[in-house]
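Enquirer: Data: data17.cif, mmCIF, C-alpha atoms and all ligand atoms.
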data_model
loop_
_atom_site.label_atom_id
_atom_site.label_comp_id
_atom_site.auth_asym_id
_atom_site.auth_seq_id
_atom_site.Cartn_x
_atom_site.Cartn_y
_atom_site.Cartn_z
CA MET A 1 -3.71 35.84 -30.66
CA ARG A 2 -2.08 38.16 -28.13
CA ARG A 3 -2.12 36.91 -24.51
CA LYS A 4 -4.63 39.65 -23.59
CA ASP A 5 -7.06 38.65 -26.36
CA GLN A 6 -6.60 35.03 -25.46
CA ALA A 7 -7.49 35.77 -21.85
CA LYS A 8 -10.56 37.79 -22.97
CA ALA A 9 -11.75 34.86 -25.04
CA TYR A 10 -11.75 32.73 -21.87
CA GLY A 11 -13.45 35.41 -19.80
CA TYR A 12 -10.33 36.32 -17.82
CA LEU A 13 -9.76 40.06 -17.82
CA PRO A 14 -7.65 42.33 -15.69
CA ARG A 15 -9.51 44.37 -13.03
CA SER A 16 -9.65 47.62 -14.98
CA SER A 17 -11.19 46.12 -18.13
CA ASN A 18 -14.39 44.50 -16.94
CA GLN A 19 -15.71 44.60 -13.40
CA ASN A 20 -18.26 41.85 -14.16
CA VAL A 21 -15.76 39.09 -14.55
CA ILE A 22 -13.50 40.18 -11.72
CA ALA A 23 -15.04 37.50 -9.51
CA GLN A 24 -13.45 34.87 -11.72
CA VAL A 25 -10.01 36.36 -11.42
CA THR A 26 -8.05 35.58 -8.30
CA ARG A 27 -5.37 37.93 -7.03
CA ALA A 28 -2.72 35.47 -8.12
CA GLU A 29 -4.18 35.28 -11.60
CA GLU A 30 -4.27 39.07 -11.80
CA ARG A 31 -0.64 39.31 -10.84
CA ALA A 32 0.24 36.61 -13.35
CA TRP A 33 -1.66 38.52 -16.00
CA GLU A 34 0.12 41.79 -15.18
CA HIS A 35 3.41 40.00 -15.68
CA GLY A 36 2.28 38.50 -18.99
CA ARG A 37 2.24 34.96 -17.58
CA MET A 38 -1.50 34.38 -17.71
CA SER A 39 -2.21 30.85 -18.83
CA THR A 40 -5.46 29.11 -19.56
CA ARG A 41 -3.89 25.71 -19.02
CA PRO A 42 -4.77 23.68 -15.90
CA ARG A 43 -2.35 24.39 -13.07
CA VAL A 44 -1.91 20.71 -12.12
CA SER A 45 -1.52 18.12 -14.86
CA ALA A 46 -4.42 15.78 -15.57
CA ARG A 47 -2.16 12.83 -14.77
CA ILE A 48 -1.33 14.02 -11.28
CA SER A 49 -4.78 15.52 -10.57
CA ALA A 50 -6.17 12.02 -11.04
CA ILE A 51 -4.19 10.70 -8.08
CA SER A 52 -6.19 10.56 -4.88
CA GLU A 53 -4.88 11.13 -1.40
CA SER A 54 -3.88 7.92 0.37
CA ALA A 55 -7.08 7.14 2.29
CA THR A 56 -5.25 5.08 4.89
CA LEU A 57 -2.82 7.90 5.66
CA ALA A 58 -5.73 10.40 5.68
CA VAL A 59 -7.68 8.41 8.29
CA ASP A 60 -4.54 8.03 10.36
CA ALA A 61 -3.78 11.76 10.12
CA LYS A 62 -7.34 12.71 11.16
CA ALA A 63 -7.22 10.33 14.13
CA LYS A 64 -3.82 11.70 15.21
CA ALA A 65 -5.06 15.30 14.90
CA MET A 66 -8.11 14.51 17.06
CA LYS A 67 -5.82 12.83 19.58
CA ALA A 68 -3.52 15.86 19.63
CA ALA A 69 -6.60 17.98 20.35
CA GLY A 70 -7.12 15.91 23.50
CA ARG A 71 -9.78 13.47 22.28
CA PRO A 72 -9.33 9.82 23.32
CA VAL A 73 -9.29 8.45 19.79
CA ILE A 74 -8.36 4.83 19.17
CA GLY A 75 -6.90 4.42 15.69
CA PHE A 76 -7.21 1.19 13.72
CA GLY A 77 -6.00 2.94 10.57
CA ALA A 78 -2.23 2.64 10.74
CA GLY A 79 -0.45 0.08 8.61
CA GLU A 80 2.62 -0.21 10.81
CA PRO A 81 3.84 -2.34 13.71
CA ASP A 82 3.55 -0.57 17.07
CA PHE A 83 6.98 -1.90 18.13
CA PRO A 84 10.24 0.07 17.99
CA THR A 85 12.94 -1.04 15.55
CA PRO A 86 15.20 -3.65 17.26
CA GLY A 87 18.27 -2.14 18.97
CA TYR A 88 20.95 -3.90 16.88
CA ILE A 89 19.47 -2.36 13.73
CA VAL A 90 19.47 1.12 15.25
CA GLU A 91 23.09 0.63 16.37
CA ALA A 92 24.13 -0.27 12.81
CA ALA A 93 22.60 2.99 11.60
CA ILE A 94 24.42 5.02 14.25
CA GLU A 95 27.71 3.46 13.25
CA ALA A 96 27.02 4.16 9.57
CA ALA A 97 26.20 7.79 10.29
CA ARG A 98 29.70 8.20 11.75
CA ASP A 99 31.43 6.71 8.69
CA PRO A 100 32.41 9.36 6.08
CA ARG A 101 31.96 6.78 3.30
CA PHE A 102 28.24 7.01 3.90
CA HIS A 103 28.19 10.80 3.75
CA LYS A 104 28.54 10.65 -0.03
CA TYR A 105 26.52 9.46 -3.02
CA THR A 106 26.61 5.69 -3.45
CA PRO A 107 25.40 3.59 -6.43
CA ALA A 108 21.81 4.50 -7.36
CA GLY A 109 20.70 0.86 -7.29
CA GLY A 110 21.84 0.23 -3.73
CA LEU A 111 24.95 -0.54 -1.67
CA PRO A 112 26.61 -3.67 -3.10
CA GLU A 113 26.76 -5.32 0.34
CA LEU A 114 23.04 -4.75 0.86
CA LYS A 115 22.16 -6.11 -2.59
CA LYS A 116 24.18 -9.22 -1.80
CA ALA A 117 22.49 -9.61 1.60
CA ILE A 118 19.04 -9.21 0.01
CA ALA A 119 19.90 -11.91 -2.55
CA ASP A 120 21.02 -14.20 0.32
CA LYS A 121 17.91 -13.41 2.36
CA THR A 122 15.68 -14.19 -0.64
CA ALA A 123 17.39 -17.58 -1.03
CA ARG A 124 16.97 -18.19 2.73
CA ASP A 125 13.31 -17.15 3.06
CA SER A 126 11.84 -17.86 -0.38
CA GLY A 127 14.23 -20.47 -1.75
CA TYR A 128 14.65 -18.20 -4.79
CA ALA A 129 18.18 -17.86 -6.15
CA VAL A 130 19.07 -14.43 -7.57
CA GLU A 131 22.25 -12.52 -8.30
CA PRO A 132 22.87 -9.19 -6.53
CA SER A 133 22.57 -7.56 -9.98
CA GLN A 134 18.91 -8.59 -9.97
CA VAL A 135 18.21 -6.47 -6.88
CA LEU A 136 17.29 -2.78 -6.83
CA VAL A 137 17.19 -1.12 -3.40
CA THR A 138 14.32 1.37 -3.27
CA ASN A 139 13.00 4.09 -1.03
CA GLY A 140 10.53 1.79 0.72
CA GLY A 141 8.34 -0.86 -0.82
CA LYS A 142 6.22 1.92 -2.30
CA GLN A 143 8.94 3.06 -4.65
CA ALA A 144 9.44 -0.55 -5.72
CA VAL A 145 5.72 -0.72 -6.60
CA TYR A 146 5.96 2.46 -8.69
CA GLU A 147 9.13 1.46 -10.45
CA ALA A 148 7.88 -2.05 -11.22
CA PHE A 149 4.80 -0.78 -13.03
CA ALA A 150 6.61 2.15 -14.64
CA THR A 151 9.17 -0.29 -16.02
CA LEU A 152 6.78 -2.99 -17.23
CA LEU A 153 3.77 -1.11 -18.58
CA ASP A 154 3.11 0.69 -21.80
CA PRO A 155 -0.06 2.78 -22.18
CA GLY A 156 -3.10 0.51 -22.38
CA ASP A 157 -1.42 -2.57 -20.89
CA GLU A 158 -3.80 -4.25 -18.48
CA VAL A 159 -2.96 -5.49 -15.00
CA LEU A 160 -5.19 -7.94 -13.13
CA VAL A 161 -5.62 -6.75 -9.56
CA VAL A 162 -7.50 -8.75 -6.95
CA ALA A 163 -9.89 -6.52 -4.99
CA PRO A 164 -9.90 -5.59 -2.13
CA TYR A 165 -6.45 -4.19 -2.94
CA TRP A 166 -3.95 -1.95 -1.22
CA THR A 167 -4.57 1.74 -2.07
CA THR A 168 -1.23 2.45 -3.73
CA TYR A 169 -1.45 -0.10 -6.56
CA PRO A 170 -4.14 1.67 -8.63
CA GLU A 171 -2.25 4.95 -8.55
CA ALA A 172 1.05 3.34 -9.54
CA ILE A 173 -0.60 1.46 -12.42
CA LYS A 174 -2.47 4.57 -13.61
CA LEU A 175 0.62 6.76 -13.49
CA ALA A 176 2.47 4.23 -15.64
CA GLY A 177 -0.32 4.46 -18.24
CA GLY A 178 -1.59 0.98 -17.38
CA VAL A 179 -5.19 -0.10 -17.00
CA GLN A 180 -6.22 -1.88 -13.83
CA VAL A 181 -8.72 -4.70 -14.25
CA ASP A 182 -10.33 -5.64 -10.94
CA VAL A 183 -10.97 -9.21 -9.96
CA VAL A 184 -13.41 -8.75 -7.12
CA THR A 185 -13.49 -11.17 -4.20
CA ASP A 186 -15.54 -11.17 -1.01
CA GLU A 187 -15.81 -12.71 2.43
CA SER A 188 -17.48 -15.88 1.08
CA THR A 189 -14.10 -17.10 -0.24
CA GLY A 190 -12.01 -15.42 2.44
CA TYR A 191 -11.10 -12.83 -0.25
CA LEU A 192 -9.23 -15.38 -2.37
CA ALA A 193 -9.49 -15.20 -6.19
CA SER A 194 -9.84 -18.34 -8.29
CA VAL A 195 -8.21 -19.10 -11.62
CA ALA A 196 -11.70 -19.06 -13.19
CA GLN A 197 -12.18 -15.46 -12.02
CA LEU A 198 -8.74 -14.43 -13.27
CA GLU A 199 -9.33 -16.11 -16.61
CA ALA A 200 -12.66 -14.29 -17.00
CA ALA A 201 -10.83 -10.97 -16.56
CA ARG A 202 -7.95 -11.77 -18.96
CA THR A 203 -7.93 -10.13 -22.40
CA GLY A 204 -5.44 -9.87 -25.24
CA ARG A 205 -4.09 -6.71 -23.57
CA THR A 206 -3.37 -8.31 -20.18
CA LYS A 207 0.32 -7.95 -19.46
CA ALA A 208 0.60 -8.73 -15.77
CA LEU A 209 -1.03 -10.22 -12.71
CA LEU A 210 -0.46 -8.56 -9.35
CA PHE A 211 -0.21 -11.31 -6.72
CA VAL A 212 -0.24 -10.28 -3.05
CA SER A 213 -0.16 -12.94 -0.33
CA PRO A 214 -0.49 -12.25 2.59
CA SER A 215 -2.77 -9.46 1.50
CA ASN A 216 -3.24 -5.95 2.72
CA PRO A 217 -6.13 -5.16 3.41
CA THR A 218 -7.76 -8.58 3.91
CA GLY A 219 -5.07 -10.75 5.53
CA ALA A 220 -5.89 -13.47 2.98
CA VAL A 221 -3.10 -16.01 2.34
CA TYR A 222 -3.13 -18.34 -0.67
CA SER A 223 -2.18 -21.97 0.01
CA ARG A 224 0.73 -23.52 -1.86
CA GLU A 225 -1.71 -25.39 -4.13
CA GLN A 226 -3.67 -22.24 -4.97
CA THR A 227 -0.43 -20.32 -5.58
CA VAL A 228 0.86 -23.01 -7.94
CA GLU A 229 -2.44 -23.13 -9.81
CA ILE A 230 -2.50 -19.35 -10.29
CA GLY A 231 1.19 -19.18 -11.22
CA ARG A 232 0.86 -21.95 -13.81
CA TRP A 233 -2.15 -20.23 -15.33
CA ALA A 234 -0.14 -16.98 -15.59
CA ALA A 235 2.81 -18.83 -17.14
CA GLU A 236 0.55 -20.60 -19.64
CA HIS A 237 -0.70 -17.22 -20.88
CA GLY A 238 2.71 -15.54 -20.89
CA LEU A 239 1.74 -13.04 -18.20
CA TRP A 240 4.18 -11.26 -15.95
CA VAL A 241 3.62 -11.74 -12.24
CA VAL A 242 4.36 -8.82 -9.95
CA THR A 243 4.33 -10.26 -6.44
CA ASP A 244 4.35 -8.19 -3.26
CA GLU A 245 5.94 -10.26 -0.47
CA ILE A 246 6.21 -7.54 2.16
CA TYR A 247 4.11 -9.52 4.71
CA GLU A 248 5.96 -12.82 4.10
CA HIS A 249 6.86 -13.33 7.77
CA LEU A 250 3.45 -12.44 9.20
CA VAL A 251 1.34 -15.59 8.83
CA TYR A 252 -0.64 -17.30 11.59
CA GLY A 253 -2.03 -20.68 12.56
CA ASP A 254 -1.51 -23.23 9.81
CA ALA A 255 -1.13 -20.60 7.08
CA GLU A 256 2.15 -20.70 5.20
CA PHE A 257 3.81 -18.12 3.02
CA THR A 258 4.56 -19.38 -0.49
CA SER A 259 6.70 -17.39 -2.88
CA ILE A 260 5.07 -17.73 -6.30
CA ALA A 261 8.49 -17.19 -7.90
CA THR A 262 9.83 -20.38 -6.32
CA ALA A 263 6.63 -22.43 -6.40
CA VAL A 264 6.16 -21.90 -10.14
CA PRO A 265 9.47 -22.21 -11.99
CA GLU A 266 7.49 -22.16 -15.27
CA LEU A 267 7.14 -18.39 -14.80
CA GLY A 268 10.77 -18.19 -15.86
CA ASP A 269 12.10 -14.68 -15.77
CA GLN A 270 8.68 -12.99 -15.95
CA VAL A 271 8.45 -12.40 -12.20
CA VAL A 272 9.10 -9.23 -10.25
CA ILE A 273 9.25 -9.51 -6.45
CA LEU A 274 8.55 -6.48 -4.25
CA ASN A 275 9.59 -6.47 -0.63
CA GLY A 276 11.07 -4.33 2.16
CA VAL A 277 12.08 -4.12 5.80
CA ALA A 278 9.10 -2.02 6.97
CA LYS A 279 6.75 -4.69 8.28
CA THR A 280 9.14 -7.50 9.25
CA TYR A 281 11.51 -5.39 11.35
CA ALA A 282 9.19 -2.54 12.46
CA MET A 283 11.07 -0.16 10.17
CA THR A 284 8.33 1.80 8.39
CA GLY A 285 10.08 5.12 8.94
CA TRP A 286 13.46 4.01 7.60
CA ARG A 287 12.25 3.74 4.01
CA VAL A 288 14.07 0.75 2.58
CA GLY A 289 12.47 -1.67 0.16
CA TRP A 290 13.56 -3.57 -2.92
CA LEU A 291 12.61 -4.96 -6.26
CA ILE A 292 13.94 -8.24 -7.62
CA GLY A 293 13.55 -9.23 -11.24
CA PRO A 294 15.30 -10.21 -14.44
CA SER A 295 18.45 -8.20 -15.14
CA ASP A 296 17.02 -6.17 -18.04
CA VAL A 297 14.04 -5.03 -15.98
CA VAL A 298 16.19 -4.26 -12.94
CA LYS A 299 18.66 -2.32 -15.07
CA ALA A 300 15.83 -0.25 -16.60
CA ALA A 301 14.24 0.40 -13.20
CA THR A 302 17.65 1.40 -11.82
CA ASN A 303 18.04 3.93 -14.66
CA LEU A 304 14.67 5.40 -13.71
CA GLN A 305 15.66 5.59 -10.04
CA SER A 306 19.02 7.16 -10.91
CA HIS A 307 17.15 10.19 -12.26
CA ALA A 308 14.33 10.22 -9.72
CA THR A 309 15.89 9.75 -6.29
CA SER A 310 19.41 8.27 -6.65
CA ASN A 311 20.57 6.07 -3.80
CA VAL A 312 18.40 5.42 -0.75
CA SER A 313 19.85 7.05 2.39
CA ASN A 314 23.06 5.15 3.18
CA VAL A 315 22.33 5.18 6.89
CA ALA A 316 18.96 3.53 6.30
CA GLN A 317 20.55 1.03 3.91
CA MET A 318 23.09 0.02 6.56
CA ALA A 319 20.25 -0.41 9.06
CA ALA A 320 18.48 -2.63 6.50
CA LEU A 321 21.69 -4.61 6.02
CA ALA A 322 21.76 -5.40 9.75
CA ALA A 323 18.08 -6.34 9.57
CA VAL A 324 18.18 -8.73 6.61
CA SER A 325 21.45 -10.37 7.65
CA GLY A 326 20.30 -10.91 11.25
CA ASP A 327 17.93 -13.60 12.49
CA LEU A 328 14.15 -13.48 12.57
CA SER A 329 13.70 -13.48 16.37
CA ALA A 330 12.32 -9.92 16.48
CA VAL A 331 9.61 -10.73 13.95
CA ALA A 332 8.80 -13.95 15.82
CA GLU A 333 8.03 -11.88 18.93
CA MET A 334 5.89 -9.43 16.99
CA ARG A 335 4.10 -12.27 15.26
CA ALA A 336 3.11 -13.82 18.60
CA ALA A 337 1.64 -10.50 19.77
CA PHE A 338 -0.16 -9.91 16.47
CA ASP A 339 -1.60 -13.43 16.53
CA ARG A 340 -3.04 -12.90 20.02
CA ARG A 341 -4.55 -9.55 19.01
CA ARG A 342 -5.88 -10.98 15.75
CA GLN A 343 -7.84 -13.65 17.59
CA THR A 344 -9.25 -11.16 20.09
CA MET A 345 -10.25 -8.73 17.35
CA VAL A 346 -11.93 -11.30 15.11
CA ARG A 347 -13.88 -12.79 18.02
CA MET A 348 -15.07 -9.38 19.21
CA LEU A 349 -15.96 -8.16 15.71
CA ASN A 350 -18.04 -11.25 15.00
CA GLU A 351 -20.01 -10.65 18.21
CA ILE A 352 -21.29 -7.32 16.84
CA PRO A 353 -24.69 -7.67 15.13
CA GLY A 354 -24.40 -6.88 11.40
CA VAL A 355 -20.62 -7.41 11.28
CA PHE A 356 -19.02 -10.46 9.70
CA CYS A 357 -15.26 -10.95 9.73
CA PRO A 358 -13.55 -13.96 8.13
CA GLU A 359 -10.37 -14.98 9.88
CA PRO A 360 -7.37 -13.12 8.47
CA ARG A 361 -4.42 -15.51 8.16
CA GLY A 362 -1.62 -13.06 7.52
CA ALA A 363 -0.41 -9.42 7.68
CA PHE A 364 -2.01 -7.42 10.55
CA TYR A 365 -5.44 -6.41 9.31
CA ALA A 366 -9.01 -7.61 9.75
CA TYR A 367 -11.46 -6.85 6.96
CA PRO A 368 -15.03 -7.25 8.22
CA SER A 369 -18.14 -6.78 6.11
CA VAL A 370 -20.46 -4.07 7.47
CA LYS A 371 -22.86 -4.24 4.53
CA GLU A 372 -25.81 -5.07 6.80
CA LEU A 373 -25.28 -1.85 8.75
CA VAL A 374 -25.09 0.55 5.81
CA GLY A 375 -28.43 2.37 5.41
CA LYS A 376 -29.58 1.70 8.98
CA GLU A 377 -30.41 4.48 11.42
CA LEU A 378 -27.74 5.26 13.97
CA ARG A 379 -27.74 8.17 16.44
CA GLY A 380 -30.25 10.08 14.33
CA ARG A 381 -28.31 9.62 11.08
CA ARG A 382 -28.53 7.13 8.24
CA PRO A 383 -25.06 6.47 6.75
CA LEU A 384 -25.48 5.37 3.15
CA SER A 385 -21.98 3.99 2.60
CA SER A 386 -19.20 2.41 4.62
CA GLY A 387 -17.36 5.73 4.18
CA GLU A 388 -20.20 7.64 5.88
CA LEU A 389 -20.46 4.97 8.57
CA ALA A 390 -16.71 5.26 9.29
CA GLU A 391 -17.08 9.04 9.66
CA LEU A 392 -19.99 8.61 12.07
CA ILE A 393 -17.97 6.11 14.11
CA LEU A 394 -15.05 8.50 14.36
CA GLU A 395 -17.30 11.28 15.59
CA GLU A 396 -19.54 9.26 17.91
CA ALA A 397 -17.21 6.56 19.26
CA GLU A 398 -13.84 8.21 18.60
CA VAL A 399 -12.63 5.11 16.80
CA ALA A 400 -10.84 5.37 13.44
CA VAL A 401 -11.29 2.63 10.83
CA VAL A 402 -10.55 2.77 7.09
CA PRO A 403 -13.67 2.28 4.94
CA GLY A 404 -13.66 -0.35 2.18
CA GLU A 405 -14.04 2.36 -0.49
CA ALA A 406 -10.29 2.90 -0.10
CA PHE A 407 -9.62 -0.68 -1.19
CA GLY A 408 -12.06 -0.91 -4.09
CA THR A 409 -14.86 -2.65 -2.16
CA PRO A 410 -17.43 -0.47 -0.39
CA GLY A 411 -19.32 -2.16 2.45
CA TYR A 412 -16.28 -3.14 4.51
CA PHE A 413 -13.87 -1.74 7.07
CA ARG A 414 -10.17 -2.37 7.47
CA LEU A 415 -8.93 -2.49 11.04
CA SER A 416 -5.25 -2.88 11.81
CA TYR A 417 -4.47 -4.98 14.87
CA ALA A 418 -0.96 -3.57 15.17
CA LEU A 419 -1.82 -1.66 18.34
CA GLY A 420 -1.67 -2.37 22.08
CA ASP A 421 -3.97 -5.09 23.51
CA ASN A 422 -5.84 -2.73 25.85
CA ASP A 423 -6.48 -0.13 23.16
CA LEU A 424 -7.62 -2.86 20.82
CA VAL A 425 -10.18 -4.21 23.28
CA GLU A 426 -11.38 -0.73 24.23
CA GLY A 427 -11.68 0.33 20.56
CA VAL A 428 -13.61 -2.72 19.39
CA SER A 429 -15.84 -2.52 22.51
CA ARG A 430 -16.72 1.08 21.66
CA LEU A 431 -17.40 0.04 18.07
CA GLY A 432 -19.66 -2.80 19.23
CA LYS A 433 -21.58 -0.59 21.66
CA LEU A 434 -22.25 2.05 19.00
CA LEU A 435 -23.10 -0.34 16.16
CA SER A 436 -25.51 -2.31 18.40
CA GLU A 437 -27.71 0.81 18.38
CA ALA A 438 -28.23 0.59 14.58
CA ARG A 439 -31.88 0.05 13.63
C1 LIG A 501 1.07 -4.59 0.61
C2 LIG A 501 2.07 -3.51 0.84
N1 LIG A 501 3.10 -3.39 0.01
C3 LIG A 501 4.03 -2.44 0.16
C4 LIG A 501 3.96 -1.54 1.19
C5 LIG A 501 5.03 -0.51 1.25
O1 LIG A 501 5.66 -0.36 2.42
P1 LIG A 501 6.86 0.67 2.60
O2 LIG A 501 6.80 1.65 1.46
O3 LIG A 501 6.59 1.32 3.91
O4 LIG A 501 8.12 -0.13 2.57
C6 LIG A 501 2.89 -1.61 2.10
C7 LIG A 501 2.74 -0.64 3.19
O5 LIG A 501 1.70 -0.43 3.75
C8 LIG A 501 1.93 -2.64 1.93
O6 LIG A 501 0.91 -2.78 2.77
#
Can you turn what I pasted into structure tokens?
Ligand SMILES: Cc1ncc(COP(=O)(O)O)c(C=O)c1O
Expert:
Amino acid sequence: MRRKDQAKAYGYLPRSSNQNVIAQVTRAEERAWEHGRMSTRPRVSARISAISESATLAVDAKAKAMKAAGRPVIGFGAGEPDFPTPGYIVEAAIEAARDPRFHKYTPAGGLPELKKAIADKTARDSGYAVEPSQVLVTNGGKQAVYEAFATLLDPGDEVLVVAPYWTTYPEAIKLAGGVQVDVVTDESTGYLASVAQLEAARTGRTKALLFVSPSNPTGAVYSREQTVEIGRWAAEHGLWVVTDEIYEHLVYGDAEFTSIATAVPELGDQVVILNGVAKTYAMTGWRVGWLIGPSDVVKAATNLQSHATSNVSNVAQMAALAAVSGDLSAVAEMRAAFDRRRQTMVRMLNEIPGVFCPEPRGAFYAYPSVKELVGKELRGRRPLSSGELAELILEEAEVAVVPGEAFGTPGYFRLSYALGDNDLVEGVSRLGKLLSEAR
């Protein structure tokens, strides 16, 4: 069929042929037709159309836009420390920027000195011994997440994901052709999954378990015993464990970080660790993360990266080198501030009628249930989901929270406590005042 007949068959005709269908034809389509490029295929691929906007970034962007317009918005949406990057790290970057060696391409998998320092840091913090060749330096932890799933999954392979989960995982799994199987937890267990729940979700197609402790969005931290139990179960069934350790240094009270890779040697070489400098060193904007795994997986992921993005910015890599080879005093200071804010936030949230917040033990998020408030009347409206309630709160109280829909569990909010003490108190007070009006 000629292109023109093809277009006719789909009801797309140029302006002169049929005025009745002109409404369906945009100017761009007309021009494309005139140039013989008219296509009836979707403009954006099905694979990419299926990816949703990052809800956490969207809430943050809306709050920032309202702020820029002069409204006194308090944002609990951001997933980043409110501290600047420590000075010695910034100095290392400045020095690197002056060195012509770093003005050129470097190995796609990362600077050798950084890979070595990451291997040393992993031995220091997790007690896990790896060779530098088992490290791939990525453009933030996010790229490590994408590359891990792209490298491990074939179409139809299932991944067990504990919900509530961080928003990026589903998209990375989907894009790799994998199938996410949710293991849903709630506040009654402090958002911790049991082996019985994981086992109930396992099928013959399960390839991997995603293990995240401390968790974004809930702040849940698995104990050593729970970690060992889960890891042994995964090993017994030959599953891969992809473990995201990006919040390893942000644990509070008697909670302890346990690296599943070290705690469960039975997992052998079927473990992939994801990590980065963003949260520990207040370096979200520098974009340096990494993936650690068996050599074959790391080699394959490095091949992928060599075609996608090549090496991470050398200046940022040298900043990351200063970070991981320095001490942990900067994160200790941040941790003390986060701990204080965490306690204030949880106490204030639990004083609001209809809100219940288990104590988060890691990361910098609280994840209260607001299920009792959904469907109640508030300022003449009746929000029927936590998403609608979050919108109402932004408009009426000028407070931004991320609704649980973004993390696979409607009926909750995520609030980051990585913001100044005064703003935190003011924001949660506004929230409490508004929500107390719900009937
Ligand atoms: C659990 C988790 N993993 C990974 C990342 C990725 O961080 P980045 O890409 O900024 O290094 C984040 C960031 O929010 C996170 O919360």
Enquirer: Residues of chain A within 7 Å of ligand LIG 501 (chain A): nearest atom pair and distance (Å, one decimal) for each, counting all atoms listed in the file, sorted by chain and number, as CSV?
Expert:
residue,atom,partner,partner_atom,distance
A:Gly79,CA,A:LIG501,O5,5.3
A:Gly140,CA,A:LIG501,O4,3.6
A:Gly141,CA,A:LIG501,O4,3.5
A:Lys142,CA,A:LIG501,O2,3.8
A:Gln143,CA,A:LIG501,O2,6.6
A:Trp166,CA,A:LIG501,C1,6.0
A:Val212,CA,A:LIG501,C1,6.9
A:Ser215,CA,A:LIG501,C1,6.3
A:Asn216,CA,A:LIG501,C1,5.0
A:Asp244,CA,A:LIG501,N1,5.9
A:Ile246,CA,A:LIG501,N1,5.6
A:Asn275,CA,A:LIG501,C3,6.9
A:Gly276,CA,A:LIG501,O4,5.1
A:Val277,CA,A:LIG501,O4,6.5
A:Ala278,CA,A:LIG501,O4,4.9
A:Thr284,CA,A:LIG501,O3,4.8
A:Arg287,CA,A:LIG501,O4,5.8
A:Val288,CA,A:LIG501,O4,6.0
A:Gly289,CA,A:LIG501,O4,5.2
Enquirer: Take the residues that were just selected and, keeping C-alpha atoms, output them as a compact mmCIF listing (two decimals), in the coordinates of the input.
Expert:
# COMPACT_ATOMS: atom_id res chain seq x y z
CA GLY A 79 -0.45 0.08 8.61
CA GLY A 140 10.53 1.79 0.72
CA GLY A 141 8.34 -0.86 -0.82
CA LYS A 142 6.22 1.92 -2.30
CA GLN A 143 8.94 3.06 -4.65
CA TRP A 166 -3.95 -1.95 -1.22
CA VAL A 212 -0.24 -10.28 -3.05
CA SER A 215 -2.77 -9.46 1.50
CA ASN A 216 -3.24 -5.95 2.72
CA ASP A 244 4.35 -8.19 -3.26
CA ILE A 246 6.21 -7.54 2.16
CA ASN A 275 9.59 -6.47 -0.63
CA GLY A 276 11.07 -4.33 2.16
CA VAL A 277 12.08 -4.12 5.80
CA ALA A 278 9.10 -2.02 6.97
CA THR A 284 8.33 1.80 8.39
CA ARG A 287 12.25 3.74 4.01
CA VAL A 288 14.07 0.75 2.58
CA GLY A 289 12.47 -1.67 0.16
Enquirer: Counting all atoms listed in the file, which of A:Leu267, A:Leu239, A:Leu57, A:Ala108 gets nearest to His307 of chain A?
Expert: A:Ala108
Enquirer: Report, in Å to a single decimal, how far apart atom CA of Gly178 of chain A and atom CA of Leu153 of chain A are.
Expert: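 Between these atoms lies a distance of 5.9 Å.
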Enquirer: Quick one, how far is atom CA of Ser295 of chain A from atom CA of Leu209 of chain A?
Expert: 19.7 Å
Enquirer: If you count all atoms listed in the file, which residues fall within 12 Å of Gly177 of chain A, apart from same-chain ones fewer than 4 positions away, as a PyMOL selection string?
Expert: chain A and resi 47-48+50+146+149-159+170-173
Enquirer: So, counting all atoms listed in the file, which residue among A:Asn139, A:Thr203, A:Asn350, A:Thr258 is closest to Leu431 of chain A?
Expert: A:Asn350
Enquirer: Find, counting only C-alpha atoms, the residue in A:Val428, A:Ala300, A:Leu160, A:Ala65 that gets nearest to Gln134 of chain A.
Expert: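 Nearest candidate to Gln134 of chain A out of A:Val428, A:Ala300, A:Leu160, A:Ala65: A:Ala300.
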Enquirer: So, counting all atoms listed in the file, which residue among A:Val44, A:Lys62, A:Ala148, A:Pro107 is closest to Glu398 of chain A?
Expert: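 Comparing A:Val44, A:Lys62, A:Ala148, A:Pro107 against Glu398 of chain A, the winner is A:Lys62.
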Enquirer: If you measure from atom CA of Phe83 of chain A to atom CA of Arg341 of chain A, what distance in Å do you get, rounded to one decimal?
Expert: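 Separation of atom CA of Phe83 of chain A and atom CA of Arg341 of chain A: 13.9 Å.
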Enquirer: I'd like to know which of A:Ile393, A:Ala330, A:Ala322, A:Gly293 is closest to Ala96 of chain A, using only C-alpha atoms.
Expert: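 Of the candidates, the smallest distance to Ala96 of chain A is held by A:Ala322.
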Enquirer: Within 8 Å of Leu349 of chain A, counting all atoms listed in the file, which residues qualify if same-chain residues fewer than 4 places away don't, as a list of chain:residue names?
Expert: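 Counting only the stated atoms, we get A:Met345, A:Val355, A:Phe356, A:Cys357, A:Pro368, A:Val428, A:Gly432.
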